[in-house]
Amino acid sequence: LKGKAMKFMQCIVLSAALTCLPFSASAQGKPAHKDALLYFVWPQNGAVIKGGFWCRFGLRNMGVTHAGDHYPNSGHHHLLINVNEPLNPNEPIPQDKSHLHFGAGQTEARIELPPGKHTLQLVLGDADHFPFNPPVVSQKITITVR
């Protein structure tokens, strides 16, 4: 009986693992529109800003939607603050104080940064927070907060 129970549990675990495989593989590298353009409406590169500011995101040739919505050619914004390491295309975009997620479909956000120079970059994530293939990213800009 002990051997049969162990064999049964192995079958359950294997079935669960095989069921999850197609979902994890399809979550990565969703195709992006070939002419997609992600950019900052505001601030502009080199801007000197006093205190908090509204950061406005622009996107052409793709749509903005909520995280979890699997519409073709659409995703949601992520703002990278002072991030120098490249994103791993096979992993979801991290969520922390340097990687801000806008999964409700926001196209602007009020940002508060300490005084000094900061880099900002936008990344469009798919429904599951993975970068698109090819990645849809803005140019990295530098701002100074006074």
# chains A, B, ... in the order shown; residues from 1 in each chain; ligands from 1
>>> residues_around(residues="His99 (chain A)", least_positions_apart="4", cutoff="7 Å", atoms="only C-alpha atoms", output="number ranges by chain")
A: 78-81, 94-95
>>> select_by_dssp(residues="region 13-142 of chain A", states="helix (DSSP H, G or I)", output="list of chain:residue names")
A:Val13, A:Leu14, A:Ser15, A:Ala16, A:Ala17, A:Leu18, A:Thr19, A:Cys20, A:Leu21, A:Pro22, A:Phe23, A:Ser24, A:Ala25, A:Ser26
>>> closest_atom_pairs(of="region 19-81 of chain A", to="region 118-131 of chain A", cutoff="8 Å", atoms="only C-alpha atoms", output="CSV")
residue,atom,partner,partner_atom,distance
A:Ala27,CA,A:Asp128,CA,6.4
A:Gln28,CA,A:Phe130,CA,5.9
A:Gly29,CA,A:Pro131,CA,6.5
A:Lys30,CA,A:Asp126,CA,7.1
A:Leu38,CA,A:Leu122,CA,7.0
A:Tyr39,CA,A:Leu122,CA,7.1
A:Phe40,CA,A:Leu122,CA,7.7
A:Phe57,CA,A:Leu122,CA,7.8
A:His66,CA,A:Ala127,CA,7.2
A:Ala67,CA,A:Ala127,CA,4.6
A:Gly68,CA,A:Ala127,CA,4.3
A:Asp69,CA,A:Ala127,CA,5.3
A:His70,CA,A:Ala127,CA,5.5
A:Ser74,CA,A:Asp126,CA,7.0
A:Gly75,CA,A:Asp126,CA,4.5
A:His76,CA,A:Gly125,CA,5.4
A:His77,CA,A:Leu124,CA,4.8
A:His78,CA,A:Val123,CA,5.1
A:Leu79,CA,A:Leu122,CA,4.7
A:Leu80,CA,A:Gln121,CA,5.1
A:Ile81,CA,A:Leu120,CA,4.9
>>> select_by_dssp(residues="chain A", states="strand (DSSP E)", output="PyMOL selection string")
chain A and resi 37-42+48-49+53-60+63-64+74-81+99-102+108-111+116-125+141-145
>>> write_last_selection(atoms="C-alpha atoms", output="PDB file, in the first residue's frame")
ATOM      1  CA  LEU A  37       7.415  53.198 -29.566  1.00  0.00           C
ATOM      2  CA  LEU A  38       7.518  53.841 -25.823  1.00  0.00           C
ATOM      3  CA  TYR A  39       8.562  57.303 -24.647  1.00  0.00           C
ATOM      4  CA  PHE A  40       8.278  59.963 -21.943  1.00  0.00           C
ATOM      5  CA  VAL A  41       5.798  62.746 -22.581  1.00  0.00           C
ATOM      6  CA  TRP A  42       7.156  64.400 -19.439  1.00  0.00           C
ATOM      7  CA  VAL A  48      15.555  70.050 -13.701  1.00  0.00           C
ATOM      8  CA  ILE A  49      12.555  69.514 -11.439  1.00  0.00           C
ATOM      9  CA  PHE A  53       6.389  65.684 -10.461  1.00  0.00           C
ATOM     10  CA  TRP A  54       3.888  64.037 -12.776  1.00  0.00           C
ATOM     11  CA  CYS A  55       5.599  61.484 -14.996  1.00  0.00           C
ATOM     12  CA  ARG A  56       3.615  60.956 -18.217  1.00  0.00           C
ATOM     13  CA  PHE A  57       4.082  57.878 -20.399  1.00  0.00           C
ATOM     14  CA  GLY A  58       3.600  57.738 -24.173  1.00  0.00           C
ATOM     15  CA  LEU A  59       3.060  54.666 -26.365  1.00  0.00           C
ATOM     16  CA  ARG A  60       2.499  54.335 -30.121  1.00  0.00           C
ATOM     17  CA  GLY A  63      -2.366  49.591 -26.511  1.00  0.00           C
ATOM     18  CA  VAL A  64      -2.344  50.060 -22.755  1.00  0.00           C
ATOM     19  CA  SER A  74      -1.164  45.598 -25.501  1.00  0.00           C
ATOM     20  CA  GLY A  75       0.511  45.765 -22.115  1.00  0.00           C
ATOM     21  CA  HIS A  76       1.041  47.990 -19.113  1.00  0.00           C
ATOM     22  CA  HIS A  77       3.761  50.414 -18.061  1.00  0.00           C
ATOM     23  CA  HIS A  78       6.697  49.848 -15.724  1.00  0.00           C
ATOM     24  CA  LEU A  79       8.956  52.717 -14.642  1.00  0.00           C
ATOM     25  CA  LEU A  80      12.576  51.890 -13.856  1.00  0.00           C
ATOM     26  CA  ILE A  81      14.270  54.398 -11.551  1.00  0.00           C
ATOM     27  CA  HIS A  99      10.775  48.987 -10.628  1.00  0.00           C
ATOM     28  CA  LEU A 100       7.329  50.600 -10.369  1.00  0.00           C
ATOM     29  CA  HIS A 101       4.345  48.735 -11.859  1.00  0.00           C
ATOM     30  CA  PHE A 102       1.298  50.466 -13.305  1.00  0.00           C
ATOM     31  CA  GLU A 108       0.908  58.893 -15.711  1.00  0.00           C
ATOM     32  CA  ALA A 109       1.993  58.866 -12.085  1.00  0.00           C
ATOM     33  CA  ARG A 110       3.058  61.317  -9.396  1.00  0.00           C
ATOM     34  CA  ILE A 111       6.703  60.557  -8.575  1.00  0.00           C
ATOM     35  CA  GLY A 116      19.952  64.637  -7.070  1.00  0.00           C
ATOM     36  CA  LYS A 117      20.394  63.095 -10.507  1.00  0.00           C
ATOM     37  CA  HIS A 118      18.164  60.158 -11.438  1.00  0.00           C
ATOM     38  CA  THR A 119      17.707  57.956 -14.491  1.00  0.00           C
ATOM     39  CA  LEU A 120      14.243  56.950 -15.692  1.00  0.00           C
ATOM     40  CA  GLN A 121      13.264  54.352 -18.253  1.00  0.00           C
ATOM     41  CA  LEU A 122       9.913  52.881 -19.280  1.00  0.00           C
ATOM     42  CA  VAL A 123       9.339  49.203 -20.068  1.00  0.00           C
ATOM     43  CA  LEU A 124       6.088  47.809 -21.417  1.00  0.00           C
ATOM     44  CA  GLY A 125       5.140  44.549 -19.733  1.00  0.00           C
ATOM     45  CA  ILE A 141      16.581  59.764 -19.580  1.00  0.00           C
ATOM     46  CA  THR A 142      18.370  61.657 -16.808  1.00  0.00           C
ATOM     47  CA  ILE A 143      16.636  64.253 -14.651  1.00  0.00           C
ATOM     48  CA  THR A 144      17.787  66.356 -11.735  1.00  0.00           C
ATOM     49  CA  VAL A 145      15.549  66.865  -8.718  1.00  0.00           C
TER      50      VAL A 145
END
>>> closest_residue(among="A:Asn73, A:Asn45, A:Asn61, A:Thr107", to="Ala32 (chain A)", atoms="only C-alpha atoms")
A:Asn73
>>> atom_distance(atom1="CA of Arg146 (chain A)", atom2="CA of Gly103 (chain A)")
29.3 Å
>>> closest_residue(among="A:Val136, A:Ala47, A:Glu85, A:Ser98", to="Met62 (chain A)", atoms="only C-alpha atoms")
A:Val136
>>> atom_distance(atom1="CA of Leu113 (chain A)", atom2="CA of Gly51 (chain A)")
7.4 Å
